[in-house]
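Content type compact mmCIF, N, CA and C atoms, from the file query22.txt:
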```
# COMPACT_ATOMS: atom_id res chain seq x y z
N MET A 163 -83.66 16.37 -89.69
CA MET A 163 -83.44 15.32 -90.67
C MET A 163 -82.53 15.86 -91.77
N GLN A 164 -81.48 15.11 -92.07
CA GLN A 164 -80.55 15.49 -93.12
C GLN A 164 -81.17 15.24 -94.49
N ARG A 165 -80.95 16.14 -95.41
CA ARG A 165 -81.46 16.00 -96.78
C ARG A 165 -80.28 15.70 -97.70
N ILE A 166 -80.40 14.61 -98.45
CA ILE A 166 -79.34 14.17 -99.35
C ILE A 166 -79.87 14.16 -100.78
N LEU A 167 -79.10 14.75 -101.68
CA LEU A 167 -79.40 14.64 -103.10
C LEU A 167 -78.49 13.56 -103.65
N PHE A 168 -79.09 12.49 -104.17
CA PHE A 168 -78.36 11.35 -104.71
C PHE A 168 -78.52 11.38 -106.22
N VAL A 169 -77.44 11.66 -106.93
CA VAL A 169 -77.46 11.74 -108.39
C VAL A 169 -76.98 10.39 -108.91
N GLU A 170 -77.93 9.57 -109.35
CA GLU A 170 -77.67 8.18 -109.74
C GLU A 170 -78.63 7.77 -110.86
N ASP A 171 -78.09 7.25 -111.96
CA ASP A 171 -78.94 6.90 -113.09
C ASP A 171 -79.49 5.48 -113.04
N ASP A 172 -78.98 4.63 -112.18
CA ASP A 172 -79.48 3.26 -112.06
C ASP A 172 -80.59 3.23 -111.00
N PRO A 173 -81.85 3.00 -111.40
CA PRO A 173 -82.95 3.06 -110.43
C PRO A 173 -82.85 2.03 -109.31
N ASP A 174 -82.30 0.86 -109.59
CA ASP A 174 -82.17 -0.16 -108.55
C ASP A 174 -81.18 0.29 -107.46
N ILE A 175 -80.04 0.81 -107.89
CA ILE A 175 -79.05 1.30 -106.92
C ILE A 175 -79.61 2.50 -106.16
N GLY A 176 -80.27 3.40 -106.89
CA GLY A 176 -80.86 4.57 -106.25
C GLY A 176 -81.84 4.20 -105.16
N GLN A 177 -82.74 3.26 -105.43
CA GLN A 177 -83.73 2.86 -104.44
C GLN A 177 -83.10 2.09 -103.28
N LEU A 178 -82.11 1.27 -103.57
CA LEU A 178 -81.43 0.51 -102.52
C LEU A 178 -80.76 1.45 -101.51
N ILE A 179 -79.96 2.39 -102.03
CA ILE A 179 -79.25 3.33 -101.16
C ILE A 179 -80.23 4.27 -100.45
N ALA A 180 -81.21 4.77 -101.19
CA ALA A 180 -82.20 5.68 -100.59
C ALA A 180 -82.98 4.99 -99.48
N GLY A 181 -83.33 3.73 -99.68
CA GLY A 181 -84.05 2.99 -98.65
C GLY A 181 -83.23 2.84 -97.38
N TRP A 182 -81.96 2.50 -97.53
CA TRP A 182 -81.09 2.34 -96.37
C TRP A 182 -80.93 3.66 -95.63
N LEU A 183 -80.65 4.73 -96.37
CA LEU A 183 -80.47 6.03 -95.74
C LEU A 183 -81.75 6.51 -95.06
N SER A 184 -82.89 6.25 -95.67
CA SER A 184 -84.18 6.65 -95.09
C SER A 184 -84.42 5.97 -93.74
N ARG A 185 -83.98 4.74 -93.61
CA ARG A 185 -84.13 4.03 -92.34
C ARG A 185 -83.23 4.62 -91.25
N HIS A 186 -82.30 5.45 -91.65
CA HIS A 186 -81.41 6.11 -90.70
C HIS A 186 -81.72 7.61 -90.60
N GLU A 187 -82.99 7.92 -90.76
CA GLU A 187 -83.52 9.27 -90.57
C GLU A 187 -82.90 10.31 -91.50
N MET A 188 -82.74 9.94 -92.75
CA MET A 188 -82.25 10.87 -93.75
C MET A 188 -83.25 10.93 -94.89
N GLU A 189 -83.51 12.13 -95.36
CA GLU A 189 -84.39 12.31 -96.52
C GLU A 189 -83.53 12.25 -97.77
N VAL A 190 -83.90 11.41 -98.72
CA VAL A 190 -83.12 11.23 -99.94
C VAL A 190 -83.95 11.63 -101.15
N ILE A 191 -83.40 12.52 -101.94
CA ILE A 191 -83.99 12.93 -103.22
C ILE A 191 -83.09 12.37 -104.30
N ILE A 192 -83.67 11.62 -105.23
CA ILE A 192 -82.89 11.00 -106.29
C ILE A 192 -83.08 11.78 -107.58
N GLU A 193 -81.99 12.11 -108.22
CA GLU A 193 -81.99 12.73 -109.56
C GLU A 193 -81.23 11.77 -110.48
N SER A 194 -81.85 11.41 -111.59
CA SER A 194 -81.27 10.40 -112.46
C SER A 194 -80.37 10.95 -113.57
N ARG A 195 -80.33 12.25 -113.74
CA ARG A 195 -79.51 12.83 -114.82
C ARG A 195 -78.57 13.89 -114.27
N GLY A 196 -77.32 13.80 -114.69
CA GLY A 196 -76.33 14.77 -114.26
C GLY A 196 -76.62 16.17 -114.73
N ASP A 197 -77.20 16.31 -115.94
CA ASP A 197 -77.46 17.65 -116.48
C ASP A 197 -78.63 18.35 -115.79
N ARG A 198 -79.37 17.65 -114.95
CA ARG A 198 -80.46 18.29 -114.19
C ARG A 198 -80.08 18.51 -112.73
N ALA A 199 -78.92 18.05 -112.32
CA ALA A 199 -78.54 18.08 -110.91
C ALA A 199 -78.33 19.49 -110.38
N LEU A 200 -77.75 20.39 -111.16
CA LEU A 200 -77.53 21.76 -110.68
C LEU A 200 -78.85 22.43 -110.29
N ALA A 201 -79.86 22.26 -111.12
CA ALA A 201 -81.17 22.84 -110.81
C ALA A 201 -81.77 22.20 -109.57
N ARG A 202 -81.58 20.89 -109.42
CA ARG A 202 -82.12 20.19 -108.25
C ARG A 202 -81.44 20.65 -106.95
N VAL A 203 -80.15 20.95 -107.02
CA VAL A 203 -79.45 21.45 -105.84
C VAL A 203 -80.07 22.75 -105.38
N GLU A 204 -80.32 23.64 -106.31
CA GLU A 204 -80.95 24.92 -105.97
C GLU A 204 -82.37 24.72 -105.46
N GLU A 205 -83.07 23.75 -106.01
CA GLU A 205 -84.47 23.49 -105.64
C GLU A 205 -84.60 22.88 -104.25
N VAL A 206 -83.80 21.86 -103.94
CA VAL A 206 -83.99 21.12 -102.69
C VAL A 206 -83.05 21.53 -101.56
N GLN A 207 -81.98 22.28 -101.86
CA GLN A 207 -81.04 22.74 -100.84
C GLN A 207 -80.56 21.58 -99.94
N PRO A 208 -79.85 20.61 -100.52
CA PRO A 208 -79.44 19.44 -99.73
C PRO A 208 -78.31 19.77 -98.74
N ASP A 209 -78.16 18.88 -97.77
CA ASP A 209 -77.04 18.97 -96.83
C ASP A 209 -75.82 18.22 -97.36
N LEU A 210 -76.05 17.25 -98.24
CA LEU A 210 -75.01 16.40 -98.79
C LEU A 210 -75.41 16.00 -100.20
N ILE A 211 -74.43 15.88 -101.10
CA ILE A 211 -74.69 15.41 -102.46
C ILE A 211 -73.84 14.17 -102.70
N LEU A 212 -74.49 13.09 -103.15
CA LEU A 212 -73.81 11.87 -103.55
C LEU A 212 -73.87 11.78 -105.07
N LEU A 213 -72.73 11.58 -105.71
CA LEU A 213 -72.68 11.56 -107.16
C LEU A 213 -72.20 10.22 -107.70
N ASP A 214 -72.89 9.74 -108.73
CA ASP A 214 -72.41 8.64 -109.54
C ASP A 214 -71.37 9.24 -110.49
N ILE A 215 -70.44 8.45 -110.96
CA ILE A 215 -69.42 8.97 -111.88
C ILE A 215 -69.93 9.00 -113.32
N MET A 216 -70.52 7.90 -113.78
CA MET A 216 -70.98 7.82 -115.17
C MET A 216 -72.50 7.94 -115.21
N MET A 217 -72.97 9.06 -115.80
CA MET A 217 -74.41 9.33 -115.89
C MET A 217 -74.71 9.97 -117.23
N PRO A 218 -75.97 9.88 -117.65
CA PRO A 218 -76.34 10.60 -118.87
C PRO A 218 -76.40 12.10 -118.62
N GLY A 219 -76.06 12.86 -119.62
CA GLY A 219 -76.16 14.32 -119.54
C GLY A 219 -74.91 15.01 -119.05
N CYS A 220 -74.30 14.49 -118.00
CA CYS A 220 -73.10 15.08 -117.42
C CYS A 220 -72.50 14.07 -116.46
N ASP A 221 -71.19 13.82 -116.58
CA ASP A 221 -70.58 12.84 -115.69
C ASP A 221 -70.36 13.45 -114.30
N GLY A 222 -70.17 12.59 -113.31
CA GLY A 222 -70.06 13.03 -111.92
C GLY A 222 -68.87 13.93 -111.63
N LEU A 223 -67.74 13.69 -112.30
CA LEU A 223 -66.56 14.54 -112.05
C LEU A 223 -66.78 15.96 -112.57
N THR A 224 -67.34 16.07 -113.76
CA THR A 224 -67.65 17.40 -114.31
C THR A 224 -68.69 18.10 -113.43
N LEU A 225 -69.69 17.34 -113.03
CA LEU A 225 -70.73 17.91 -112.18
C LEU A 225 -70.16 18.40 -110.86
N CYS A 226 -69.25 17.63 -110.27
CA CYS A 226 -68.61 18.05 -109.02
C CYS A 226 -67.87 19.38 -109.20
N ARG A 227 -67.13 19.51 -110.29
CA ARG A 227 -66.43 20.78 -110.56
C ARG A 227 -67.42 21.93 -110.75
N ASP A 228 -68.56 21.66 -111.39
CA ASP A 228 -69.56 22.71 -111.60
C ASP A 228 -70.30 23.06 -110.30
N LEU A 229 -70.48 22.07 -109.44
CA LEU A 229 -71.19 22.30 -108.18
C LEU A 229 -70.37 23.06 -107.14
N ARG A 230 -69.08 22.80 -107.10
CA ARG A 230 -68.26 23.33 -106.01
C ARG A 230 -68.38 24.84 -105.82
N PRO A 231 -68.37 25.67 -106.86
CA PRO A 231 -68.52 27.11 -106.61
C PRO A 231 -69.89 27.51 -106.07
N ARG A 232 -70.89 26.65 -106.25
CA ARG A 232 -72.26 26.98 -105.87
C ARG A 232 -72.73 26.27 -104.61
N PHE A 233 -72.01 25.23 -104.19
CA PHE A 233 -72.45 24.40 -103.07
C PHE A 233 -71.29 24.20 -102.11
N ALA A 234 -71.43 24.68 -100.88
CA ALA A 234 -70.34 24.62 -99.91
C ALA A 234 -70.34 23.33 -99.09
N GLY A 235 -71.42 22.56 -99.17
CA GLY A 235 -71.52 21.34 -98.37
C GLY A 235 -70.70 20.20 -98.95
N PRO A 236 -70.73 19.06 -98.27
CA PRO A 236 -69.95 17.89 -98.74
C PRO A 236 -70.54 17.28 -100.00
N ILE A 237 -69.63 16.88 -100.88
CA ILE A 237 -70.00 16.19 -102.12
C ILE A 237 -69.28 14.86 -102.11
```
Can you dump the structure from the file as structure tokens?
Amino acid sequence: MQRILFVEDDPDIGQLIAGWLSRHEMEVIIESRGDRALARVEEVQPDLILLDIMMPGCDGLTLCRDLRPRFAGPI
């Protein structure tokens, strides 16, 4: 089962996407704040990271730049 970290601050969108992915045999972990995402990546070791662009704490583009040296998988 693929593990996906979905960094999304809108709970409705997060649950909608997570529900769809779960029905396709993927485990989805939702993190609602960009500034907590780096720690969550280390904690859950995802296969894929999905990022929202505008989030509290840290925007998705900055987070992507910060993640790339630490995470070799797809973002």
Quiz item: Between A:Met163, A:Met216, A:Val169, A:Ile179, which has the minimum distance to Ser194 (chain A) (counting all atoms listed in the file)?
Solution: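 Between A:Met163, A:Met216, A:Val169, A:Ile179, the residue approaching Ser194 (chain A) most closely is A:Val169.
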Practice problem: Find the residues near Val206 (chain A): any atom within 10 Å, counting only C-alpha atoms, skip ones fewer than 4 places away on the same chain, and give them as a list in words. | Solution: Arg165, Ile166, Leu167, Ile191, Ala201 and Arg202 of chain A
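The space between CA of Gln207 (chain A) and atom N of Glu189 (chain A) spans 12.2 Å.
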Self-check item: Given all atoms listed in the file as the counted atoms, nearest of A:Pro236, A:Gly176, A:Gly222, A:Pro231 to Asp209 (chain A)
Solution: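 Of A:Pro236, A:Gly176, A:Gly222, A:Pro231, the one nearest Asp209 (chain A) is A:Pro236, counting all atoms listed in the file.
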Quiz item: Which of chain A counts as helix (DSSP H, G or I) under DSSP, as an NGL selection string please?
Solution: :A and (173-184 or 196-206 or 222-229)
Quiz item: Of the residues A:Leu178, A:Glu187, A:Ile237, A:Pro173, which is the one nearest to Leu212 (chain A), using all atoms listed in the file?
Solution: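 For Leu212 (chain A), the nearest of the given residues is A:Ile237.
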